[in-house]
$ cat structure_1.pdb   # PDB, C-alpha atoms
ATOM      1  CA  MET A   4     -21.538   0.616 -12.154
ATOM      2  CA  PRO A   5     -19.380   1.615  -9.123
ATOM      3  CA  LEU A   6     -16.798   4.389  -9.219
ATOM      4  CA  ASP A   7     -13.218   3.151  -9.565
ATOM      5  CA  HIS A   8     -11.194   6.328  -8.993
ATOM      6  CA  ILE A   9     -11.365  10.118  -9.087
ATOM      7  CA  GLY A  10      -8.598  12.552  -9.998
ATOM      8  CA  ILE A  11      -8.604  16.232  -9.100
ATOM      9  CA  HIS A  12      -6.296  18.817 -10.654
ATOM     10  CA  VAL A  13      -4.788  21.526  -8.468
ATOM     11  CA  ASP A  14      -2.657  24.450  -9.638
ATOM     12  CA  ALA A  15       1.049  23.712  -9.201
ATOM     13  CA  LYS A  16       1.615  26.412  -6.558
ATOM     14  CA  ARG A  17      -1.005  24.974  -4.212
ATOM     15  CA  HIS A  18      -0.500  21.300  -5.065
ATOM     16  CA  PRO A  19       1.938  20.475  -2.192
ATOM     17  CA  MET A  20      -0.409  22.036   0.376
ATOM     18  CA  VAL A  21      -3.516  20.351  -1.040
ATOM     19  CA  LYS A  22      -1.757  16.972  -1.329
ATOM     20  CA  GLU A  23      -0.638  17.223   2.299
ATOM     21  CA  TRP A  24      -4.166  18.193   3.346
ATOM     22  CA  TYR A  25      -5.651  15.109   1.679
ATOM     23  CA  GLU A  26      -2.957  12.928   3.221
ATOM     24  CA  LYS A  27      -4.057  14.107   6.657
ATOM     25  CA  ALA A  28      -7.783  14.502   6.059
ATOM     26  CA  LEU A  29      -8.298  11.090   4.456
ATOM     27  CA  LYS A  30      -6.296   9.141   7.047
ATOM     28  CA  PRO A  31      -9.195   8.880   9.549
ATOM     29  CA  VAL A  32     -11.405   7.312   6.904
ATOM     30  CA  GLY A  33      -8.799   4.728   5.969
ATOM     31  CA  TYR A  34      -6.966   6.303   3.011
ATOM     32  CA  GLN A  35      -3.202   6.616   2.813
ATOM     33  CA  LYS A  36      -0.800   7.996   0.234
ATOM     34  CA  PHE A  37       0.028   4.878  -1.760
ATOM     35  CA  ARG A  38       1.714   5.932  -4.996
ATOM     36  CA  THR A  39       3.458   9.023  -6.319
ATOM     37  CA  GLU A  40       4.912  10.020  -9.665
ATOM     38  CA  GLY A  41       7.276  12.839 -10.552
ATOM     39  CA  GLU A  42      10.294  14.340  -8.865
ATOM     40  CA  ASN A  43       8.103  16.471  -6.594
ATOM     41  CA  GLU A  44       5.206  14.035  -6.341
ATOM     42  CA  GLU A  45       3.236  15.963  -8.979
ATOM     43  CA  ILE A  46       0.886  12.998  -9.023
ATOM     44  CA  ALA A  47      -0.177  11.493  -5.702
ATOM     45  CA  GLY A  48      -2.495   8.511  -5.403
ATOM     46  CA  PHE A  49      -4.332   7.568  -2.230
ATOM     47  CA  SER A  50      -5.577   4.079  -1.448
ATOM     48  CA  TYR A  51      -8.169   2.611   0.859
ATOM     49  CA  ASN A  52      -7.133  -1.010   0.425
ATOM     50  CA  ALA A  53      -3.371  -0.705  -0.255
ATOM     51  CA  LYS A  54      -3.985  -2.282  -3.676
ATOM     52  CA  ASN A  55      -5.460   0.439  -5.902
ATOM     53  CA  CYS A  56      -5.439   4.228  -5.834
ATOM     54  CA  GLU A  57      -9.020   5.458  -5.715
ATOM     55  CA  TRP A  58      -8.269   9.145  -5.182
ATOM     56  CA  TRP A  59      -5.658  11.109  -7.150
ATOM     57  CA  VAL A  60      -4.352  14.647  -6.625
ATOM     58  CA  LEU A  61      -2.554  15.924  -9.728
ATOM     59  CA  SER A  62      -0.517  19.087 -10.226
ATOM     60  CA  ALA A  63      -1.697  21.369 -13.038
ATOM     61  CA  PRO A  64       0.528  24.083 -14.587
ATOM     62  CA  GLU A  65      -2.327  26.608 -14.413
ATOM     63  CA  PRO A  66      -5.433  26.865 -12.254
ATOM     64  CA  PRO A  67      -7.863  24.230 -13.506
ATOM     65  CA  ASN A  68     -11.124  25.142 -15.201
ATOM     66  CA  LEU A  69     -12.920  22.473 -13.161
ATOM     67  CA  PRO A  70     -12.887  19.494 -15.534
ATOM     68  CA  MET A  71     -12.757  16.296 -13.526
ATOM     69  CA  HIS A  72     -11.857  12.686 -14.259
ATOM     70  CA  PHE A  73     -14.312   9.989 -13.174
ATOM     71  CA  ALA A  74     -13.758   6.274 -13.709
ATOM     72  CA  PHE A  75     -16.421   3.605 -13.432
ATOM     73  CA  ARG A  76     -15.473  -0.071 -13.184
ATOM     74  CA  VAL A  77     -17.638  -2.592 -15.029
ATOM     75  CA  ASP A  78     -17.748  -6.384 -15.250
ATOM     76  CA  ASN A  79     -16.874  -6.938 -18.909
ATOM     77  CA  ARG A  80     -15.285  -5.330 -21.947
ATOM     78  CA  ALA A  81     -18.554  -5.213 -23.871
ATOM     79  CA  GLN A  82     -19.811  -2.661 -21.334
ATOM     80  CA  VAL A  83     -16.731  -0.513 -22.008
ATOM     81  CA  ASP A  84     -17.383  -0.678 -25.759
ATOM     82  CA  GLU A  85     -21.061   0.160 -25.260
ATOM     83  CA  PHE A  86     -20.286   3.151 -23.042
ATOM     84  CA  HIS A  87     -17.930   4.587 -25.653
ATOM     85  CA  ARG A  88     -20.366   4.071 -28.519
ATOM     86  CA  ILE A  89     -23.299   5.618 -26.673
ATOM     87  CA  GLY A  90     -21.255   8.371 -25.017
ATOM     88  CA  VAL A  91     -19.914   9.643 -28.333
ATOM     89  CA  ALA A  92     -23.280   9.234 -30.067
ATOM     90  CA  ALA A  93     -24.925  11.286 -27.322
ATOM     91  CA  GLY A  94     -22.629  14.246 -27.973
ATOM     92  CA  GLY A  95     -19.486  13.383 -26.034
ATOM     93  CA  ARG A  96     -16.028  13.640 -27.581
ATOM     94  CA  CYS A  97     -13.720  10.632 -27.753
ATOM     95  CA  ASN A  98     -10.665  10.919 -25.512
ATOM     96  CA  GLY A  99      -9.489   7.339 -26.097
ATOM     97  CA  PRO A 100     -11.298   4.513 -27.858
ATOM     98  CA  PRO A 101     -11.904   1.165 -26.153
ATOM     99  CA  GLY A 102      -8.718  -0.803 -25.748
ATOM    100  CA  LEU A 103      -6.070  -2.190 -23.454
ATOM    101  CA  ARG A 104      -3.998   0.291 -21.464
ATOM    102  CA  PRO A 105      -1.022  -1.895 -20.437
ATOM    103  CA  HIS A 106       0.725   1.047 -18.755
ATOM    104  CA  TYR A 107      -2.105   0.963 -16.173
ATOM    105  CA  GLY A 108      -2.197  -2.837 -15.781
ATOM    106  CA  ALA A 109      -2.078  -6.069 -17.774
ATOM    107  CA  ASN A 110      -5.862  -6.397 -18.145
ATOM    108  CA  TYR A 111      -6.760  -2.695 -17.936
ATOM    109  CA  TYR A 112      -9.314  -2.265 -20.734
ATOM    110  CA  ALA A 113     -10.851   1.205 -20.904
ATOM    111  CA  ALA A 114     -12.471   3.927 -22.967
ATOM    112  CA  PHE A 115     -12.511   7.665 -22.325
ATOM    113  CA  VAL A 116     -15.121  10.225 -23.378
ATOM    114  CA  PHE A 117     -15.234  13.945 -22.608
ATOM    115  CA  ASP A 118     -18.690  14.869 -21.394
ATOM    116  CA  PRO A 119     -20.389  17.991 -22.816
ATOM    117  CA  VAL A 120     -18.619  20.301 -20.335
ATOM    118  CA  GLY A 121     -15.184  18.708 -20.662
ATOM    119  CA  ASN A 122     -15.030  16.198 -17.803
ATOM    120  CA  ASN A 123     -13.060  13.074 -18.696
ATOM    121  CA  VAL A 124     -15.309  10.070 -18.047
ATOM    122  CA  GLU A 125     -13.678   6.648 -18.114
ATOM    123  CA  VAL A 126     -15.210   3.195 -18.019
ATOM    124  CA  LEU A 127     -12.848   0.308 -17.345
ATOM    125  CA  CYS A 128     -12.769  -3.438 -16.960
ATOM    126  CA  LEU A 129      -9.942  -5.236 -15.159
ATOM    127  CA  GLU A 130     -11.019  -8.755 -16.064
ATOM    128  CA  ALA A 131      -9.070 -10.831 -18.562
ATOM    129  CA  ARG A 132     -10.702 -11.142 -21.974
ATOM    130  CA  GLU A 133     -13.990 -13.071 -21.825
TER
END

$ encode --input "structure_1.pdb" --output "structure tokens"
Amino acid sequence: MPLDHIGIHVDAKRHPMVKEWYEKALKPVGYQKFRTEGENEEIAGFSYNAKNCEWWVLSAPEPPNLPMHFAFRVDNRAQVDEFHRIGVAAGGRCNGPPGLRPHYGANYYAAFVFDPVGNNVEVLCLEARE
């Protein structure tokens, strides 16, 4: 199950500096700032292939407590359902049941589970319904 994207949260005061650093530091390895949201680019997405944002730098109102967001792409929706079922059964906390997320894309089917220390783990499928 390959990683799809990672989002890091940075306190709002340092966000512009950190975002600029990633814009420079990731350029040699093929990443470029590809998408932004918010008046001051509070959300900045970086892309390797100019199609998807694999790395996100997000502004946080307070210094983060280290929770991260990891997303794993899978081949079918049944894998998303299975991840959610097992993740919650194993002690995780639901942060979004399996389902379509049309605001992310037409076929974006995902589930979210907080791991035991609060990281937001996502499993997603971009394929149309089987």

$ resolve_selection --input "structure_1.pdb" --expression "the PyMOL selection byres ((chain A and resi 82-88) around 10)" --output "JSON, numbers by chain"
{"A": [4, 75, 76, 77, 78, 79, 80, 81, 89, 90, 91, 92, 93, 95, 96, 97, 98, 99, 100, 101, 102, 112, 113, 114, 115, 116, 124, 125, 126, 127, 128]}

$ closest_residue --input "structure_1.pdb" --among "A:His72, A:Arg17, A:His8, A:Arg132" --to "Tyr51 of chain A" --atoms "only C-alpha atoms"
A:His8

$ closest_residue --input "structure_1.pdb" --among "A:Lys54, A:Leu129, A:Asp14, A:Gly94" --to "Pro67 of chain A" --atoms "only C-alpha atoms"
A:Asp14

$ axis_aligned_box --input "structure_1.pdb" --around "segment 14-28 of chain A" --padding-each-side "8 Å" --output "JSON"
{"center_x": -2.9, "center_y": 19.7, "center_z": -1.5, "size_x": 25.7, "size_y": 29.5, "size_z": 32.3}

$ atom_distance --input "structure_1.pdb" --atom1 "atom CA of Val13 of chain A" --atom2 "atom CA of Gly108 of chain A"
25.6 Å

$ atom_distance --input "structure_1.pdb" --atom1 "atom CA of Val32 of chain A" --atom2 "atom CA of Glu57 of chain A"
13.0 Å

$ closest_residue --input "structure_1.pdb" --among "A:Val21, A:Gly121, A:Glu42, A:Lys16" --to "Phe73 of chain A" --atoms "only C-alpha atoms"
A:Gly121

$ atom_distance --input "structure_1.pdb" --atom1 "atom CA of Tyr107 of chain A" --atom2 "atom CA of Asn123 of chain A"
16.5 Å

$ residues_near_point --input "structure_1.pdb" --point "(-10.2, 8.3, -5.1)" --cutoff "9 Å" --atoms "only C-alpha atoms" --output "PyMOL selection string"
chain A and resi 6-10+34+48-51+56-60

$ residues_near_point --input "structure_1.pdb" --point "(-11.5, 20.1, -13.7)" --cutoff "7 Å" --atoms "all atoms listed in the file" --output "ChimeraX atom specification"
/A:11-12,67-71,122
